[in-house]
file data.txt (compact mmCIF, C-alpha atoms)
# COMPACT_ATOMS: atom_id res chain seq x y z
CA ARG T 7 -49.17 133.01 -52.17
CA ILE T 8 -46.74 130.25 -51.18
CA ARG T 9 -45.54 127.87 -53.87
CA ARG T 10 -43.93 124.49 -53.39
CA ARG T 11 -40.51 123.90 -54.85
CA GLN T 12 -40.75 120.10 -55.14
CA PRO T 13 -43.70 117.71 -55.65
CA GLN T 14 -45.02 116.41 -52.38
CA GLN T 15 -47.25 113.48 -51.66
CA GLN T 16 -49.32 112.95 -48.53
CA PRO T 17 -50.90 109.51 -48.04
CA ALA T 18 -54.22 109.81 -46.26
CA ALA T 19 -54.40 106.28 -44.91
CA ALA T 20 -52.01 106.77 -42.01
CA ALA T 21 -52.98 109.31 -39.35
CA ALA T 22 -55.22 110.98 -41.88
CA SER T 23 -57.05 113.22 -39.45
CA SER T 24 -53.78 114.96 -38.56
CA ALA T 25 -52.88 115.78 -42.15
CA CYS T 26 -53.90 118.57 -44.45
CA PRO T 27 -55.16 117.50 -47.89
CA LEU T 28 -52.59 119.75 -49.53
CA GLY T 29 -49.66 117.82 -48.17
CA HIS T 30 -48.94 119.76 -44.97
CA THR T 31 -48.27 117.60 -41.96
CA ALA T 32 -48.48 118.50 -38.31
CA SER T 33 -44.79 119.06 -37.72
CA LYS T 34 -43.52 118.43 -34.21
CA ALA T 35 -40.51 120.66 -34.76
CA PRO T 36 -40.67 123.99 -32.90
CA ALA T 37 -41.66 126.98 -34.99
CA PRO T 38 -39.02 129.67 -35.58
CA ALA T 39 -38.80 132.25 -32.84
CA GLN T 40 -40.92 135.35 -33.29
CA GLN T 41 -39.95 138.90 -32.55
CA PRO T 42 -41.25 140.29 -29.23
CA ASP T 43 -43.48 142.84 -30.97
CA GLU T 44 -45.13 140.26 -33.22
CA PRO T 45 -48.54 138.84 -32.26
CA PRO T 46 -48.42 135.15 -31.26
CA LEU T 47 -49.34 132.67 -33.96
CA SER T 48 -52.40 130.56 -33.32
CA GLY T 49 -52.06 126.84 -32.70
CA ASN T 50 -55.70 126.13 -33.49
CA ARG T 51 -56.40 123.83 -36.45
CA ALA T 52 -59.58 124.13 -38.50
CA VAL T 53 -61.49 121.00 -39.42
CA SER T 54 -62.08 120.62 -43.16
CA THR T 55 -65.15 119.20 -44.87
CA ILE T 56 -62.90 116.82 -46.84
CA PRO T 57 -63.14 113.18 -45.70
CA SER T 58 -59.91 111.21 -45.65
CA ALA T 59 -59.47 107.56 -46.63
CA ASN T 60 -60.54 106.41 -43.16
CA GLY T 61 -63.58 108.69 -43.11
CA GLU T 62 -62.20 111.22 -40.64
CA PRO T 63 -62.03 114.84 -41.86
CA PHE T 64 -58.66 116.36 -42.61
CA LEU T 65 -57.33 118.99 -40.23
CA TYR T 66 -55.79 122.11 -41.71
CA PRO T 67 -52.44 123.31 -40.34
CA SER T 68 -52.49 126.01 -37.70
CA GLU T 69 -50.86 129.38 -38.27
CA LYS T 70 -47.87 128.22 -36.22
CA GLN T 71 -47.50 124.98 -38.19
CA PHE T 72 -47.91 126.73 -41.54
CA PHE T 73 -45.30 129.33 -40.64
CA GLY T 74 -42.82 126.72 -39.40
CA SER T 75 -43.31 124.57 -42.50
CA ALA T 76 -42.91 127.52 -44.87
CA VAL T 77 -39.72 128.75 -43.19
CA ALA T 78 -38.27 125.22 -43.14
CA LYS T 79 -38.78 125.04 -46.92
CA GLY T 80 -36.96 128.32 -47.45
CA HIS T 81 -39.98 130.53 -48.19
CA GLU T 82 -39.92 134.16 -47.14
CA VAL T 83 -43.04 134.70 -45.05
CA GLN T 84 -44.03 137.09 -42.30
CA PRO T 85 -45.80 135.97 -39.12
CA HIS T 86 -48.34 138.80 -39.34
CA ASP T 87 -49.47 137.46 -42.74
CA MET T 88 -50.22 133.96 -41.47
CA SER T 89 -53.85 134.59 -40.57
CA MET T 90 -54.67 135.66 -44.13
CA VAL T 91 -52.43 133.03 -45.75
CA VAL T 92 -54.02 130.17 -43.80
CA ALA T 93 -57.52 131.48 -44.50
CA ILE T 94 -56.82 131.60 -48.26
CA HIS T 95 -55.16 128.18 -48.16
CA ASN T 96 -58.16 126.61 -46.44
CA ALA T 97 -60.69 128.32 -48.69
CA VAL T 98 -58.86 127.12 -51.82
CA ASN T 99 -58.87 123.56 -50.46
CA GLU T 100 -62.58 123.68 -49.76
CA ARG T 101 -63.40 125.15 -53.16
CA THR T 102 -61.28 122.54 -54.91
CA TRP T 103 -63.14 119.76 -53.14
CA GLN T 104 -66.50 121.27 -54.08
CA GLU T 105 -65.40 121.41 -57.74
CA ILE T 106 -64.46 117.73 -57.57
CA LEU T 107 -67.80 116.85 -55.97
CA LEU T 108 -69.58 118.27 -59.02
CA TYR T 109 -68.21 115.29 -60.94
CA GLU T 110 -68.52 112.82 -58.09
CA ARG T 111 -72.24 113.54 -57.82
CA LEU T 112 -72.61 111.99 -61.26
CA HIS T 113 -71.79 108.71 -59.49
CA ALA T 114 -73.86 109.26 -56.35
CA GLU T 115 -75.81 106.04 -56.82
CA GLU T 116 -72.67 103.92 -56.80
CA CYS T 117 -70.83 105.98 -54.19
CA ALA T 118 -72.49 108.55 -51.94
CA THR T 119 -69.37 109.37 -49.91
CA PRO T 120 -66.20 109.80 -52.00
CA ARG T 121 -63.03 110.36 -50.00
CA LEU T 122 -59.68 111.98 -50.66
CA ILE T 123 -56.85 109.42 -50.64
CA ARG T 124 -53.89 111.67 -51.22
CA PHE T 125 -52.65 114.84 -52.83
CA ILE T 126 -49.64 115.30 -55.08
CA GLY T 127 -48.26 118.76 -55.74
CA ARG T 128 -46.69 119.11 -59.19
CA PRO T 129 -45.36 122.68 -59.44
CA GLY T 130 -43.71 123.44 -62.74
CA GLU T 131 -45.52 120.59 -64.52
CA GLN T 132 -48.27 121.81 -66.81
CA SER T 133 -51.28 119.66 -67.52
CA PRO T 134 -52.04 118.93 -71.20
CA LYS T 135 -54.96 121.36 -71.08
CA ALA T 136 -52.89 124.14 -69.55
CA ARG T 137 -50.12 123.54 -72.10
CA LEU T 138 -52.60 123.74 -74.98
CA LEU T 139 -54.22 126.91 -73.65
CA GLY T 140 -50.78 128.44 -73.20
CA LEU T 141 -49.97 127.80 -76.85
CA LEU T 142 -53.19 129.59 -77.71
CA GLY T 143 -52.10 132.65 -75.74
CA ARG T 144 -53.99 132.01 -72.53
CA THR T 145 -52.54 132.64 -69.09
CA THR T 146 -50.71 129.67 -67.62
CA PRO T 147 -51.54 128.36 -64.13
CA PHE T 148 -49.26 129.23 -61.23
CA ASP T 149 -49.60 125.76 -59.72
CA ARG T 150 -50.88 122.26 -60.45
CA HIS T 151 -52.15 119.54 -58.13
CA ASP T 152 -53.32 115.97 -58.59
CA TRP T 153 -56.03 114.84 -56.19
CA HIS T 154 -56.63 111.09 -55.87
CA VAL T 155 -60.17 110.23 -54.80
CA ASP T 156 -61.57 106.95 -53.49
CA ARG T 157 -64.93 106.37 -55.14
CA CYS T 158 -65.97 103.51 -52.88
CA GLY T 159 -63.13 101.27 -53.97
CA LYS T 160 -62.35 102.85 -57.33
CA GLN T 161 -59.47 105.33 -57.41
CA VAL T 162 -60.02 108.40 -59.58
CA ARG T 163 -57.41 111.06 -60.34
CA TYR T 164 -58.38 114.70 -60.72
CA LEU T 165 -56.17 117.32 -62.34
CA VAL T 166 -56.34 120.73 -60.70
CA ASP T 167 -54.89 123.89 -62.25
CA PHE T 168 -54.76 127.12 -60.26
CA TYR T 169 -54.83 130.46 -62.06
CA ASP T 170 -54.55 134.03 -60.85
CA GLY T 171 -58.04 135.50 -61.03
CA LYS T 172 -59.17 139.09 -61.40
CA PRO T 173 -59.04 140.85 -58.03
CA SER T 174 -61.69 143.38 -57.05
CA LYS T 175 -62.35 145.69 -54.13
CA GLU T 176 -64.56 143.04 -52.55
CA HIS T 177 -62.11 140.21 -53.32
CA PRO T 178 -58.52 141.49 -53.38
CA VAL T 179 -57.25 137.91 -53.72
CA SER T 180 -58.77 135.94 -56.59
CA ILE T 181 -57.86 132.40 -57.61
CA HIS T 182 -59.52 130.47 -60.42
CA ILE T 183 -59.65 126.70 -59.89
CA ASP T 184 -59.95 124.33 -62.84
CA ALA T 185 -60.57 120.82 -61.46
CA ARG T 186 -61.56 117.93 -63.72
CA PRO T 187 -61.05 114.15 -63.98
CA GLU T 188 -58.08 112.84 -65.92
CA MET T 189 -58.27 112.08 -69.62
CA SER T 190 -59.53 108.51 -69.35
CA PHE T 191 -62.67 107.13 -70.98
CA SER T 192 -64.72 107.63 -67.82
CA GLY T 193 -63.09 111.01 -67.19
CA ILE T 194 -63.96 112.29 -70.67
CA ARG T 195 -67.50 110.97 -70.25
CA ASP T 196 -67.88 112.79 -66.93
CA ARG T 197 -66.54 116.03 -68.40
CA LEU T 198 -69.05 115.78 -71.24
CA CYS T 199 -71.93 114.97 -68.90
CA LEU T 200 -71.19 117.93 -66.63
CA TRP T 201 -70.80 120.22 -69.65
CA LEU T 202 -74.18 119.09 -71.00
CA GLN T 203 -75.79 119.69 -67.61
CA GLY T 204 -74.39 123.22 -67.55
CA SER T 205 -75.57 123.85 -71.11
CA ARG T 206 -79.12 122.85 -70.21
CA LEU T 207 -79.10 125.13 -67.18
CA SER T 208 -77.78 128.16 -69.07
call {"tool": "encode", "arguments": {"input": "data.txt", "output": "structure tokens"}}
result
Amino acid sequence: RIRRRQPQQQPAAAAASSACPLGHTASKAPAPAQQPDEPPLSGNRAVSTIPSANGEPFLYPSEKQFFGSAVAKGHEVQPHDMSMVVAIHNAVNERTWQEILLYERLHAEECATPRLIRFIGRPGEQSPKARLLGLLGRTTPFDRHDWHVDRCGKQVRYLVDFYDGKPSKEHPVSIHIDARPEMSFSGIRDRLCLWLQGSRLS
């Protein structure tokens, strides 16, 4: 897992299709040189299902871009791990967006196509919920993000806490994602509505 040291913000309005929703940009700087016996890093970029502010889908960073960005930030990473790291990174993004869409579907009549405006990484800053659960003895998240969504002209902020899950033989890497709207009147209402829907289904 790679953690950010400082909060980063990535506007989606400018050149959105070349940006990753988690704040990675397509760096033009050359990637660090690899050892001769290391397999070459892929330059292919996967297309996400997450629409940006201009409607174009975000592009995830390639293995080469991810490696170069991580090394530039001082992280200790190995080239041979990049395939798995990028796959986990992309899967976490997609799952986070699906969790957000659970709430956005409550507003499908007013906005059928919500879009991601920007992402803000806030490592080291606990959300009120995470802080409260920590005081109660629960595990604290290893990272926090804020996702800002455009609901057809209305901006909505989602708080996202990431926790270490319980690994298994089938899933050696497990991450629990807790995404929910901020503690506003409409956010509390949406949380309650989704909770009631889940209660009726259980």
call {"tool": "atom_distance", "arguments": {"input": "data.txt", "atom1": "CA of Leu138 in chain T", "atom2": "CA of Arg124 in chain T"}}
result
26.7 Å
call {"tool": "closest_atom_pairs", "arguments": {"input": "data.txt", "of": "range 37-104 of chain T", "to": "range 161-178 of chain T", "cutoff": "12 Å", "atoms": "all atoms listed in the file", "output": "tab-separated table"}}
result
residue	atom	partner	partner_atom	distance
T:Ala59	CA	T:Gln161	CA	11.0
T:Met90	CA	T:Pro178	CA	11.6
T:Ile94	CA	T:Pro178	CA	11.3
T:Val98	CA	T:Phe168	CA	9.4
T:Asn99	CA	T:Val166	CA	10.9
T:Arg101	CA	T:Val166	CA	11.2
T:Thr102	CA	T:Val166	CA	7.8
T:Trp103	CA	T:Val166	CA	10.2
call {"tool": "residues_near_point", "arguments": {"input": "data.txt", "point": "(-53.3, 127.0, -41.7)", "cutoff": "8 Å", "atoms": "all atoms listed in the file", "output": "PyMOL selection string"}}
result
chain T and resi 51-52+66-72+88-89+91-93+95-96
call {"tool": "residues_around", "arguments": {"input": "data.txt", "residues": "Pro57 in chain T", "least_positions_apart": "4", "cutoff": "8 Å", "atoms": "all atoms listed in the file", "output": "MDAnalysis selection string"}}
result
chainID T and resid 61:64 120:122
call {"tool": "atom_distance", "arguments": {"input": "data.txt", "atom1": "CA of Leu202 in chain T", "atom2": "CA of Ser133 in chain T"}}
result
23.2 Å
call {"tool": "closest_residue", "arguments": {"input": "data.txt", "among": "T:Val77, T:Asp87, T:Asn60, T:Glu82", "to": "Leu47 in chain T", "atoms": "only C-alpha atoms"}}
result
T:Asp87
call {"tool": "residues_around", "arguments": {"input": "data.txt", "residues": "Gln132 in chain T", "least_positions_apart": "6", "cutoff": "9 Å", "atoms": "all atoms listed in the file", "output": "list in words"}}
result
Thr146, Pro147, Asp149, Arg150 and Asp167 of chain T
call {"tool": "closest_residue", "arguments": {"input": "data.txt", "among": "T:Glu105, T:Ala78, T:Asp156, T:His86", "to": "Ile183 in chain T", "atoms": "all atoms listed in the file"}}
result
T:Glu105
call {"tool": "residues_around", "arguments": {"input": "data.txt", "residues": "Glu110 in chain T", "least_positions_apart": "6", "cutoff": "10 Å", "atoms": "all atoms listed in the file", "output": "PyMOL selection string"}}
result
chain T and resi 104+116-120+155+157+162+187+196
call {"tool": "atom_distance", "arguments": {"input": "data.txt", "atom1": "CA of Asn50 in chain T", "atom2": "CA of Ala185 in chain T"}}
result
28.9 Å
call {"tool": "residues_near_point", "arguments": {"input": "data.txt", "point": "(-67.7, 119.3, -62.7)", "cutoff": "7 Å", "atoms": "all atoms listed in the file", "output": "PyMOL selection string"}}
result
chain T and resi 105-106+108-109+186+197+200
call {"tool": "build_atoms", "arguments": {"input": "data.txt", "residues": "range 70-94 of chain T", "atoms": "N, CA, C and O atoms", "output": "short mmCIF file (atom, residue, chain, number, x, y, z; two decimals), in the frame of the given file"}}
result
data_model
loop_
_atom_site.label_atom_id
_atom_site.label_comp_id
_atom_site.auth_asym_id
_atom_site.auth_seq_id
_atom_site.Cartn_x
_atom_site.Cartn_y
_atom_site.Cartn_z
N LYS T 70 -49.22 128.54 -36.69
CA LYS T 70 -47.87 128.22 -36.22
C LYS T 70 -47.25 127.11 -37.06
O LYS T 70 -46.07 127.19 -37.45
N GLN T 71 -48.02 126.07 -37.37
CA GLN T 71 -47.50 124.98 -38.19
C GLN T 71 -47.20 125.44 -39.61
O GLN T 71 -46.18 125.06 -40.20
N PHE T 72 -48.10 126.25 -40.17
CA PHE T 72 -47.91 126.73 -41.54
C PHE T 72 -46.65 127.58 -41.62
O PHE T 72 -45.85 127.44 -42.55
N PHE T 73 -46.47 128.45 -40.65
CA PHE T 73 -45.30 129.33 -40.64
C PHE T 73 -44.02 128.51 -40.51
O PHE T 73 -43.05 128.72 -41.26
N GLY T 74 -44.00 127.55 -39.59
CA GLY T 74 -42.82 126.72 -39.40
C GLY T 74 -42.48 125.91 -40.63
O GLY T 74 -41.32 125.79 -41.01
N SER T 75 -43.52 125.36 -41.29
CA SER T 75 -43.31 124.57 -42.50
C SER T 75 -42.78 125.43 -43.64
O SER T 75 -41.86 125.03 -44.37
N ALA T 76 -43.34 126.63 -43.79
CA ALA T 76 -42.91 127.52 -44.87
C ALA T 76 -41.47 127.96 -44.68
O ALA T 76 -40.68 127.98 -45.63
N VAL T 77 -41.10 128.31 -43.46
CA VAL T 77 -39.72 128.75 -43.19
C VAL T 77 -38.75 127.60 -43.40
O VAL T 77 -37.66 127.78 -43.96
N ALA T 78 -39.14 126.39 -42.98
CA ALA T 78 -38.27 125.22 -43.14
C ALA T 78 -37.99 124.92 -44.61
O ALA T 78 -36.94 124.39 -44.95
N LYS T 79 -38.94 125.28 -45.48
CA LYS T 79 -38.78 125.04 -46.92
C LYS T 79 -38.09 126.20 -47.63
O LYS T 79 -37.92 126.18 -48.84
N GLY T 80 -37.71 127.22 -46.86
CA GLY T 80 -36.96 128.32 -47.45
C GLY T 80 -37.81 129.45 -47.99
O GLY T 80 -37.29 130.33 -48.68
N HIS T 81 -39.12 129.46 -47.70
CA HIS T 81 -39.98 130.53 -48.19
C HIS T 81 -39.85 131.76 -47.29
O HIS T 81 -39.65 131.65 -46.08
N GLU T 82 -39.96 132.91 -47.90
CA GLU T 82 -39.92 134.16 -47.14
C GLU T 82 -41.35 134.56 -46.78
O GLU T 82 -42.12 134.99 -47.64
N VAL T 83 -41.70 134.38 -45.53
CA VAL T 83 -43.04 134.70 -45.05
C VAL T 83 -42.93 135.51 -43.77
O VAL T 83 -41.93 135.46 -43.06
N GLN T 84 -43.98 136.26 -43.50
CA GLN T 84 -44.03 137.09 -42.30
C GLN T 84 -45.10 136.57 -41.36
O GLN T 84 -46.21 136.21 -41.80
N PRO T 85 -44.81 136.49 -40.07
CA PRO T 85 -45.80 135.97 -39.12
C PRO T 85 -47.14 136.71 -39.16
O PRO T 85 -48.19 136.09 -39.03
N HIS T 86 -47.09 138.05 -39.36
CA HIS T 86 -48.34 138.80 -39.34
C HIS T 86 -49.22 138.52 -40.55
O HIS T 86 -50.38 138.92 -40.58
N ASP T 87 -48.67 137.81 -41.56
CA ASP T 87 -49.47 137.46 -42.74
C ASP T 87 -50.14 136.10 -42.60
O ASP T 87 -50.97 135.73 -43.44
N MET T 88 -49.79 135.34 -41.56
CA MET T 88 -50.22 133.96 -41.47
C MET T 88 -51.74 133.80 -41.38
O MET T 88 -52.32 132.86 -41.93
N SER T 89 -52.40 134.70 -40.69
CA SER T 89 -53.85 134.59 -40.57
C SER T 89 -54.52 134.62 -41.94
O SER T 89 -55.39 133.78 -42.24
N MET T 90 -54.10 135.56 -42.79
CA MET T 90 -54.67 135.66 -44.13
C MET T 90 -54.24 134.50 -45.01
O MET T 90 -55.04 133.92 -45.75
N VAL T 91 -52.96 134.11 -44.92
CA VAL T 91 -52.43 133.03 -45.75
C VAL T 91 -53.16 131.72 -45.46
O VAL T 91 -53.57 130.99 -46.37
N VAL T 92 -53.33 131.41 -44.19
CA VAL T 92 -54.02 130.17 -43.80
C VAL T 92 -55.48 130.20 -44.23
O VAL T 92 -56.02 129.20 -44.70
N ALA T 93 -56.12 131.36 -44.09
CA ALA T 93 -57.52 131.48 -44.50
C ALA T 93 -57.68 131.23 -46.00
O ALA T 93 -58.59 130.52 -46.44
N ILE T 94 -56.76 131.81 -46.80
CA ILE T 94 -56.82 131.60 -48.26
C ILE T 94 -56.53 130.14 -48.59
O ILE T 94 -57.21 129.53 -49.41
#
